[in-house]
Amino acid sequence: MSDQELARDLGFLEAYTLGLGTMIGAGIFVLPGIVAESAGPASMISFAIGGVVALLAALSLSELATGMPKAGGSYYYVNHALGSFFGTIVGWGMWAGLMFATAFYMLGFGQYLLNQPSEALPVILAGLAMASLLVAINYRGVKETGSLQNVIVIALVGLILVFIVVGLMNIDTELLSPFVREGEGWPVVAATAGTVFVTFIGFEVIATSAEEINDPGRNLPLSMIAAVVTPTILYVLVMLVSTGTLPVPELAASDVPVADVAAAAAGTFGAITVGGFTVEFAVVGSVIMIVGAILATISSANASILSAARVNFAMGRDRILTNWLNQIHDRYRTPYRAILATGAVILALIASPLPIDTLADVASFMFLITYGLVHAAVIVLRRADPDKYEPDFRIPSVLYPIVPILGGLACLGVMFQMEWEVQAIGAGIVIVGIAWYQFYAKEKAISTTLIGEAVAPDTGETGGDDVYRVVVPVSNPETERPLIRYAAASASGRAGAAELVAVNVIEVPPQTSLAQIEFEEERVENQRALLENARDIAEDVDVAVKTRAIVGRNAGETILSVLGEEDANHVLLGWAGERRRRDVLFGSTIDPLLERAPCDVTLVKEPATSLEDIVTLAGEGPHAAASARRAGELRRAFPDSTLTLLNVQPEPDAEDDVEVDPAEDGRDTIADVATAAGLEDGEYEPRVIVGDDVRETLVDTVTEYDTVCVGATGTSAVAQALYGSIPQTIVEQSDGTVIMARGENRAPRTVRQALIQRLGGRPAEIEPIE
């Protein structure tokens, strides 16, 4: 059996918004007041410095992540390049940094929700309540949080762009002088860069998801760089607008600084009266930015909680942390203990006496340590040059070793400019990590070999040859044998080489790292047994088989991806024959396949190990030929069976003057379908029935047969509504095997598909995995 794979279901857009969702958060809404008080108008330079430091780190991280695409991000790279001592320091540092950052986000949430200082009790209580809710959501494992976060990010970027455009029209340049606060000088600008660095840790979330990124050599560095450059530009412009709209003392004293700036800028447009009601633009601008800030802080905190749990898992995988923390919930399939532990510390930090700016500073400090060691890891790996270290992206030769050296020095420089209290807390966390290593992890940590198992297995390019491939998703041992035999019948009916691809997908929620499935021994063992059995069955029917064990977010979308990777001609899968929810037609796994699979699709209800009487509906539907083709393949695979091509014609209208012979029309239709399906005359028996009610006659007739093949009605949104008509009625009333077939669907790409392909590097026919 092939090694277990992790579904790569993040393209450029998904990875970019994942990182941007963390970075377009509390920083851009809460920090303007804090940093303006420290560095005045020059605080925009602090954001630029933070962006440059983050960009250098993103380049080094991109090389490491494409060479070691494993969950855990910077922790994993440092641990496998520099050893478990530094790995322990970085692991503890990242975990702490994400928790401090989340506490910072939650206090920012409370500030904007209540328009009160961060130390006010109502703000703290609001932060505690929202943090508890987010922990509960991640504990429960709600799939929809990822899609919601993308919507929030897009909305926030739009709001910020409007804020900048309106603000730039109302800047008072006199407020920008003096640019650098008197008596403070440029050192305070560098120190403030440490404070704002918390806003740039979002690209780390991309690295921690490296195993899940499609075409990582292209998409990972592009998404990281874009996720750094975008907020850097936005932050600089937001600070320019903020310090150019409100005096620094007023900005520093505000609990909702961006909302106050928006009110001042929008207020220049006055008010408008509609229906007797006067609407002031100042109020509208303020309210919009408050709503944006609330959404942003929630989005950032949710992403950080999720990322923190993944760091826990990566440390547990290397035995630096106990795996007790990484156990998966039996029902929700989430690392609930890690989420609860992370949540408990976050709540404690929110309730602690630490000021909001100190929380941000400590988070920044821990990630600056992390990225300093990341730069060192790149140099170590380049010099060591292990055999298997072949990153898809390398820092260009003209920039190496300038990038890692300059990046490491920049991290150290910013750290040394930060407040001594922040340095003391950061040093304390490092000491805890060292002590943990010395007394727990030193004897238990797995000895690493720089890269080893971190390199993702290469499945190889299988497309572009003359092999006819049938993909068979298997999940039920009771139906596995007949499904593989049916697939073998399809493959064996081809003149050239043929191959089956047996696939099993284990689904996990977004709160769980895909690699974390290794802790669910029962599910992994079931997957292994299914695929080993598939090999045995394929050997019995004398057909080549390839097995793929995959862990993914959504089985249907993952199978779609497999079809593109394998250049599949046909996918055949079992079907329960019923829909369980009102929003699906055949099932959450099957619906996307029927709609978007570029190859033939066959659904099988109640597959039997032996077939006797096979009937296929030979009508004028778009997939009648595909149905007849499947029926013919089964007829050849089961020599003792019979095949009937059935056509039902309506009784001719007595008032119609035109002579019509419905039986002859039926025979002609059957002949056309048989020809399109490649059936010879002796392979089937034509049967035409003329009746008053075509539907009733058809349904009653097919019950005489033990196996019924029917073509899908269509694939458009309108045609899908017809799936519940004749085919669904046949499924409901038939006690035997029912096969629904849909032919090849290589439709022209939509604009969305073309953009996804261009930006994400996916095969043109495959929709994005979400």
# chains A, B, ... in the order shown; residues from 1 in each chain; ligands from 1
call {"tool": "select_by_dssp", "arguments": {"residues": "segment 350-386 of chain A", "states": "helix (DSSP H, G or I)", "output": "PyMOL selection string"}}
result
chain A and resi 350-351+356-384
call {"tool": "write_last_selection", "arguments": {"atoms": "N, CA, C and O atoms", "output": "CSV table (one decimal), in the first residue's frame"}}
result
chain,number,residue,atom,x,y,z
A,350,ILE,N,-5.6,37.3,29.2
A,350,ILE,CA,-6.6,38.3,29.1
A,350,ILE,C,-6.9,38.9,30.4
A,350,ILE,O,-7.0,40.2,30.6
A,351,ALA,N,-7.1,38.1,31.4
A,351,ALA,CA,-7.4,38.5,32.8
A,351,ALA,C,-6.2,39.0,33.6
A,351,ALA,O,-6.4,39.6,34.7
A,356,ILE,N,-2.1,45.9,27.3
A,356,ILE,CA,-2.4,45.4,25.9
A,356,ILE,C,-1.1,45.6,25.0
A,356,ILE,O,-0.8,44.7,24.2
A,357,ASP,N,-0.4,46.7,25.2
A,357,ASP,CA,0.8,46.8,24.4
A,357,ASP,C,1.9,45.8,24.8
A,357,ASP,O,2.7,45.4,23.9
A,358,THR,N,2.0,45.4,26.0
A,358,THR,CA,2.9,44.4,26.5
A,358,THR,C,2.6,43.1,25.9
A,358,THR,O,3.5,42.3,25.5
A,359,LEU,N,1.3,42.7,25.8
A,359,LEU,CA,0.9,41.5,25.2
A,359,LEU,C,1.4,41.5,23.7
A,359,LEU,O,1.9,40.4,23.2
A,360,ALA,N,1.2,42.6,23.0
A,360,ALA,CA,1.7,42.6,21.6
A,360,ALA,C,3.2,42.5,21.5
A,360,ALA,O,3.7,41.8,20.7
A,361,ASP,N,3.9,43.2,22.4
A,361,ASP,CA,5.3,43.2,22.4
A,361,ASP,C,5.9,41.8,22.7
A,361,ASP,O,6.9,41.4,22.0
A,362,VAL,N,5.4,41.1,23.6
A,362,VAL,CA,5.9,39.8,23.9
A,362,VAL,C,5.6,38.8,22.8
A,362,VAL,O,6.5,38.0,22.4
A,363,ALA,N,4.4,38.9,22.2
A,363,ALA,CA,4.2,38.1,21.0
A,363,ALA,C,5.2,38.4,19.9
A,363,ALA,O,5.7,37.4,19.3
A,364,SER,N,5.5,39.6,19.7
A,364,SER,CA,6.5,40.0,18.7
A,364,SER,C,7.9,39.5,19.0
A,364,SER,O,8.6,38.9,18.2
A,365,PHE,N,8.2,39.6,20.3
A,365,PHE,CA,9.6,39.2,20.8
A,365,PHE,C,9.8,37.7,20.5
A,365,PHE,O,10.8,37.3,20.0
A,366,MET,N,8.7,36.9,20.8
A,366,MET,CA,8.9,35.4,20.6
A,366,MET,C,9.0,35.1,19.2
A,366,MET,O,9.8,34.2,18.8
A,367,PHE,N,8.3,35.8,18.3
A,367,PHE,CA,8.4,35.4,16.9
A,367,PHE,C,9.7,36.0,16.3
A,367,PHE,O,10.2,35.4,15.3
A,368,LEU,N,10.3,37.1,16.8
A,368,LEU,CA,11.6,37.6,16.4
A,368,LEU,C,12.6,36.5,16.7
A,368,LEU,O,13.6,36.3,15.9
A,369,ILE,N,12.6,35.9,17.9
A,369,ILE,CA,13.5,34.8,18.2
A,369,ILE,C,13.4,33.7,17.2
A,369,ILE,O,14.3,33.2,16.7
A,370,THR,N,12.1,33.3,17.0
A,370,THR,CA,11.8,32.2,16.1
A,370,THR,C,12.4,32.5,14.7
A,370,THR,O,13.1,31.6,14.1
A,371,TYR,N,12.2,33.7,14.1
A,371,TYR,CA,12.7,34.0,12.8
A,371,TYR,C,14.2,34.1,12.7
A,371,TYR,O,14.8,33.8,11.7
A,372,GLY,N,14.8,34.6,13.8
A,372,GLY,CA,16.2,34.6,13.8
A,372,GLY,C,16.8,33.2,13.7
A,372,GLY,O,17.8,33.0,12.9
A,373,LEU,N,16.2,32.3,14.4
A,373,LEU,CA,16.7,30.9,14.3
A,373,LEU,C,16.3,30.3,12.9
A,373,LEU,O,17.0,29.4,12.4
A,374,VAL,N,15.2,30.7,12.3
A,374,VAL,CA,14.8,30.2,11.0
A,374,VAL,C,15.9,30.6,10.0
A,374,VAL,O,16.3,29.8,9.1
A,375,HIS,N,16.4,31.9,10.1
A,375,HIS,CA,17.5,32.3,9.2
A,375,HIS,C,18.7,31.4,9.4
A,375,HIS,O,19.4,31.0,8.4
A,376,ALA,N,19.0,31.1,10.6
A,376,ALA,CA,20.1,30.2,10.9
A,376,ALA,C,19.9,28.9,10.3
A,376,ALA,O,20.9,28.2,9.8
A,377,ALA,N,18.7,28.4,10.4
A,377,ALA,CA,18.4,27.0,9.8
A,377,ALA,C,18.6,27.0,8.3
A,377,ALA,O,19.1,25.9,7.8
A,378,VAL,N,18.3,28.0,7.6
A,378,VAL,CA,18.6,28.1,6.2
A,378,VAL,C,20.0,27.9,5.9
A,378,VAL,O,20.5,27.1,5.0
A,379,ILE,N,20.9,28.7,6.6
A,379,ILE,CA,22.3,28.6,6.4
A,379,ILE,C,22.8,27.2,6.7
A,379,ILE,O,23.7,26.6,5.9
A,380,VAL,N,22.4,26.6,7.8
A,380,VAL,CA,22.8,25.3,8.2
A,380,VAL,C,22.5,24.3,7.1
A,380,VAL,O,23.3,23.4,6.7
A,381,LEU,N,21.3,24.3,6.6
A,381,LEU,CA,20.8,23.3,5.6
A,381,LEU,C,21.6,23.5,4.3
A,381,LEU,O,21.9,22.6,3.6
A,382,ARG,N,21.8,24.8,3.9
A,382,ARG,CA,22.6,25.0,2.7
A,382,ARG,C,24.0,24.5,2.8
A,382,ARG,O,24.5,23.9,1.9
A,383,ARG,N,24.6,24.7,4.0
A,383,ARG,CA,26.0,24.2,4.1
A,383,ARG,C,26.0,22.7,4.3
A,383,ARG,O,26.9,22.0,3.8
A,384,ALA,N,25.1,22.1,5.0
A,384,ALA,CA,25.1,20.7,5.2
A,384,ALA,C,24.7,20.0,4.0
A,384,ALA,O,25.2,18.9,3.7
call {"tool": "select_by_dssp", "arguments": {"residues": "segment 485-610 of chain A", "states": "strand (DSSP E or B)", "output": "PyMOL selection string"}}
result
chain A and resi 498-507+545-552+570-574+600-605
call {"tool": "write_last_selection", "arguments": {"atoms": "N, CA and C atoms", "output": "short mmCIF file (atom, residue, chain, number, x, y, z; two decimals), in the first residue's frame"}}
result
data_model
loop_
_atom_site.label_atom_id
_atom_site.label_comp_id
_atom_site.auth_asym_id
_atom_site.auth_seq_id
_atom_site.Cartn_x
_atom_site.Cartn_y
_atom_site.Cartn_z
N ALA A 498 -4.70 -0.47 -18.90
CA ALA A 498 -5.69 0.06 -17.96
C ALA A 498 -5.17 -0.07 -16.53
N GLU A 499 -5.68 0.79 -15.68
CA GLU A 499 -5.24 0.78 -14.29
C GLU A 499 -6.38 1.27 -13.40
N LEU A 500 -6.53 0.63 -12.25
CA LEU A 500 -7.45 1.11 -11.23
C LEU A 500 -6.66 1.92 -10.20
N VAL A 501 -7.30 2.96 -9.68
CA VAL A 501 -6.71 3.74 -8.59
C VAL A 501 -7.71 3.69 -7.43
N ALA A 502 -7.41 2.86 -6.45
CA ALA A 502 -8.28 2.74 -5.27
C ALA A 502 -7.89 3.80 -4.26
N VAL A 503 -8.87 4.60 -3.85
CA VAL A 503 -8.61 5.74 -2.98
C VAL A 503 -9.48 5.65 -1.73
N ASN A 504 -8.88 5.93 -0.60
CA ASN A 504 -9.66 6.11 0.62
C ASN A 504 -9.29 7.44 1.24
N VAL A 505 -10.30 8.22 1.60
CA VAL A 505 -10.09 9.55 2.17
C VAL A 505 -10.61 9.58 3.60
N ILE A 506 -9.75 9.95 4.52
CA ILE A 506 -10.17 10.19 5.90
C ILE A 506 -10.38 11.69 6.06
N GLU A 507 -11.58 12.10 6.46
CA GLU A 507 -11.88 13.51 6.63
C GLU A 507 -11.56 13.97 8.04
N VAL A 545 -3.52 -2.19 -10.20
CA VAL A 545 -4.14 -1.29 -9.25
C VAL A 545 -3.07 -0.46 -8.54
N LYS A 546 -3.43 0.76 -8.25
CA LYS A 546 -2.60 1.67 -7.46
C LYS A 546 -3.48 2.15 -6.31
N THR A 547 -2.93 2.16 -5.09
CA THR A 547 -3.74 2.58 -3.94
C THR A 547 -3.22 3.91 -3.40
N ARG A 548 -4.15 4.73 -2.95
CA ARG A 548 -3.80 6.03 -2.37
C ARG A 548 -4.59 6.25 -1.09
N ALA A 549 -3.86 6.42 0.00
CA ALA A 549 -4.46 6.72 1.31
C ALA A 549 -4.28 8.20 1.57
N ILE A 550 -5.39 8.93 1.69
CA ILE A 550 -5.34 10.39 1.76
C ILE A 550 -6.09 10.87 2.99
N VAL A 551 -5.57 11.92 3.60
CA VAL A 551 -6.26 12.62 4.68
C VAL A 551 -6.60 14.01 4.15
N GLY A 552 -7.84 14.42 4.27
CA GLY A 552 -8.25 15.71 3.70
C GLY A 552 -9.40 16.33 4.47
N HIS A 570 -12.39 7.85 -15.61
CA HIS A 570 -13.65 7.38 -15.05
C HIS A 570 -13.51 7.32 -13.53
N VAL A 571 -14.54 7.72 -12.81
CA VAL A 571 -14.58 7.52 -11.37
C VAL A 571 -15.86 6.77 -11.04
N LEU A 572 -15.72 5.69 -10.27
CA LEU A 572 -16.85 4.84 -9.92
C LEU A 572 -16.90 4.71 -8.40
N LEU A 573 -18.04 5.02 -7.81
CA LEU A 573 -18.12 4.97 -6.35
C LEU A 573 -19.50 4.54 -5.87
N GLY A 574 -19.53 4.03 -4.65
CA GLY A 574 -20.77 3.59 -4.06
C GLY A 574 -21.66 4.76 -3.67
N ASP A 600 -15.85 10.51 -16.84
CA ASP A 600 -17.09 9.77 -16.59
C ASP A 600 -17.27 9.57 -15.09
N VAL A 601 -18.52 9.62 -14.65
CA VAL A 601 -18.84 9.38 -13.23
C VAL A 601 -19.92 8.31 -13.16
N THR A 602 -19.71 7.31 -12.30
CA THR A 602 -20.70 6.26 -12.11
C THR A 602 -20.98 6.08 -10.63
N LEU A 603 -22.28 6.13 -10.28
CA LEU A 603 -22.71 5.89 -8.91
C LEU A 603 -23.38 4.52 -8.86
N VAL A 604 -23.08 3.76 -7.83
CA VAL A 604 -23.63 2.40 -7.72
C VAL A 604 -24.32 2.24 -6.37
N LYS A 605 -25.60 1.93 -6.41
CA LYS A 605 -26.37 1.64 -5.20
C LYS A 605 -26.55 0.13 -5.09
#
call {"tool": "residues_around", "arguments": {"residues": "Ala677 of chain A", "least_positions_apart": "4", "cutoff": "12 Å", "atoms": "only C-alpha atoms", "output": "compact mmCIF listing (two decimals) with N, CA and C atoms, in the first residue's frame"}}
result
# COMPACT_ATOMS: atom_id res chain seq x y z
N GLY A 493 -12.49 -3.24 -20.54
CA GLY A 493 -13.17 -3.08 -21.82
C GLY A 493 -12.43 -2.20 -22.80
N THR A 616 -30.80 -1.09 -19.18
CA THR A 616 -30.39 0.31 -19.21
C THR A 616 -31.44 1.11 -19.95
N ALA A 618 -32.58 3.47 -22.48
CA ALA A 618 -32.07 4.00 -23.74
C ALA A 618 -33.00 5.10 -24.22
N HIS A 623 -26.89 11.56 -21.05
CA HIS A 623 -25.96 10.55 -20.56
C HIS A 623 -26.48 9.13 -20.78
N ALA A 624 -27.43 8.98 -21.73
CA ALA A 624 -27.96 7.65 -22.03
C ALA A 624 -26.86 6.74 -22.57
N ALA A 625 -25.99 7.28 -23.41
CA ALA A 625 -24.90 6.47 -23.98
C ALA A 625 -23.93 6.03 -22.89
N ALA A 626 -23.64 6.91 -21.94
CA ALA A 626 -22.75 6.54 -20.83
C ALA A 626 -23.36 5.42 -20.01
N SER A 627 -24.67 5.49 -19.78
CA SER A 627 -25.36 4.44 -19.04
C SER A 627 -25.29 3.11 -19.79
N ALA A 628 -25.53 3.15 -21.10
CA ALA A 628 -25.47 1.93 -21.91
C ALA A 628 -24.04 1.37 -21.95
N ARG A 629 -23.05 2.26 -21.98
CA ARG A 629 -21.65 1.81 -21.99
C ARG A 629 -21.33 1.04 -20.71
N ARG A 630 -21.77 1.59 -19.55
CA ARG A 630 -21.54 0.90 -18.29
C ARG A 630 -22.26 -0.45 -18.27
N ALA A 631 -23.48 -0.47 -18.79
CA ALA A 631 -24.24 -1.72 -18.81
C ALA A 631 -23.54 -2.76 -19.68
N GLY A 632 -23.01 -2.33 -20.82
CA GLY A 632 -22.30 -3.25 -21.70
C GLY A 632 -21.04 -3.79 -21.06
N GLU A 633 -20.33 -2.96 -20.33
CA GLU A 633 -19.12 -3.43 -19.65
C GLU A 633 -19.44 -4.49 -18.61
N LEU A 645 -31.79 -3.10 -23.58
CA LEU A 645 -31.88 -1.66 -23.77
C LEU A 645 -33.36 -1.31 -23.88
N ILE A 670 -32.97 3.34 -29.57
CA ILE A 670 -32.12 2.31 -28.97
C ILE A 670 -30.89 2.07 -29.83
N ALA A 671 -31.08 1.99 -31.14
CA ALA A 671 -29.94 1.76 -32.04
C ALA A 671 -28.93 2.89 -31.94
N ASP A 672 -29.43 4.12 -31.86
CA ASP A 672 -28.52 5.27 -31.74
C ASP A 672 -27.72 5.22 -30.43
N VAL A 673 -28.40 4.88 -29.35
CA VAL A 673 -27.72 4.79 -28.06
C VAL A 673 -26.69 3.67 -28.07
N ASP A 681 -24.71 -5.65 -31.98
CA ASP A 681 -26.11 -6.09 -32.00
C ASP A 681 -26.35 -7.30 -31.11
N GLU A 683 -25.00 -8.11 -28.39
CA GLU A 683 -24.70 -7.93 -26.97
C GLU A 683 -25.91 -7.50 -26.16
N TYR A 684 -26.98 -7.16 -26.81
CA TYR A 684 -28.14 -6.65 -26.06
C TYR A 684 -29.44 -7.04 -26.75
N GLY A 743 -21.60 10.97 -18.32
CA GLY A 743 -20.48 10.93 -19.25
C GLY A 743 -19.44 12.00 -18.95
call {"tool": "closest_residue", "arguments": {"among": "A:Val543, A:Ile305, A:Ala155, A:Met418", "to": "Ile346 of chain A", "atoms": "only C-alpha atoms"}}
result
A:Ile305
call {"tool": "closest_residue", "arguments": {"among": "A:Val287, A:Ala637, A:Ala309, A:Thr243", "to": "Gly167 of chain A", "atoms": "only C-alpha atoms"}}
result
A:Thr243
call {"tool": "atom_distance", "arguments": {"atom1": "atom CA of Gly270 of chain A", "atom2": "atom CA of Met169 of chain A"}}
result
14.5 Å
call {"tool": "closest_residue", "arguments": {"among": "A:Thr245, A:Ser513, A:Thr669, A:Ser46", "to": "Ala265 of chain A", "atoms": "only C-alpha atoms"}}
result
A:Thr245
call {"tool": "residues_around", "arguments": {"residues": "Asp536 of chain A", "least_positions_apart": "4", "cutoff": "12 Å", "atoms": "only C-alpha atoms", "output": "list of chain:residue names"}}
result
A:Met1, A:Glu480, A:Arg481, A:Ile484, A:Arg485, A:Ala502, A:Ala529, A:Leu530, A:Leu531, A:Glu532, A:Asp540, A:Val541, A:Asp542, A:Val543, A:Ala544, A:Val545, A:Lys546, A:Thr547
call {"tool": "atom_distance", "arguments": {"atom1": "atom CA of Val398 of chain A", "atom2": "atom CA of Ser60 of chain A"}}
result
14.0 Å
call {"tool": "residues_around", "arguments": {"residues": "Thr232 of chain A", "least_positions_apart": "2", "cutoff": "8 Å", "atoms": "only C-alpha atoms", "output": "number ranges by chain"}}
result
A: 47-48, 50-51, 228-230, 234-236
call {"tool": "residues_around", "arguments": {"residues": "Leu107 of chain A", "least_positions_apart": "5", "cutoff": "10 Å", "atoms": "only C-alpha atoms", "output": "list of chain:residue names"}}
result
A:Ala26, A:Val30, A:Thr102, A:Tyr112, A:Leu113, A:Pro117, A:Ser118, A:Glu119, A:Ala120, A:Val123, A:Ile124, A:Leu125, A:Ala126, A:Gly127, A:Leu128, A:Met130, A:Ala131, A:Thr297, A:Ile350, A:Ala351, A:Pro355, A:Ile356, A:Leu359
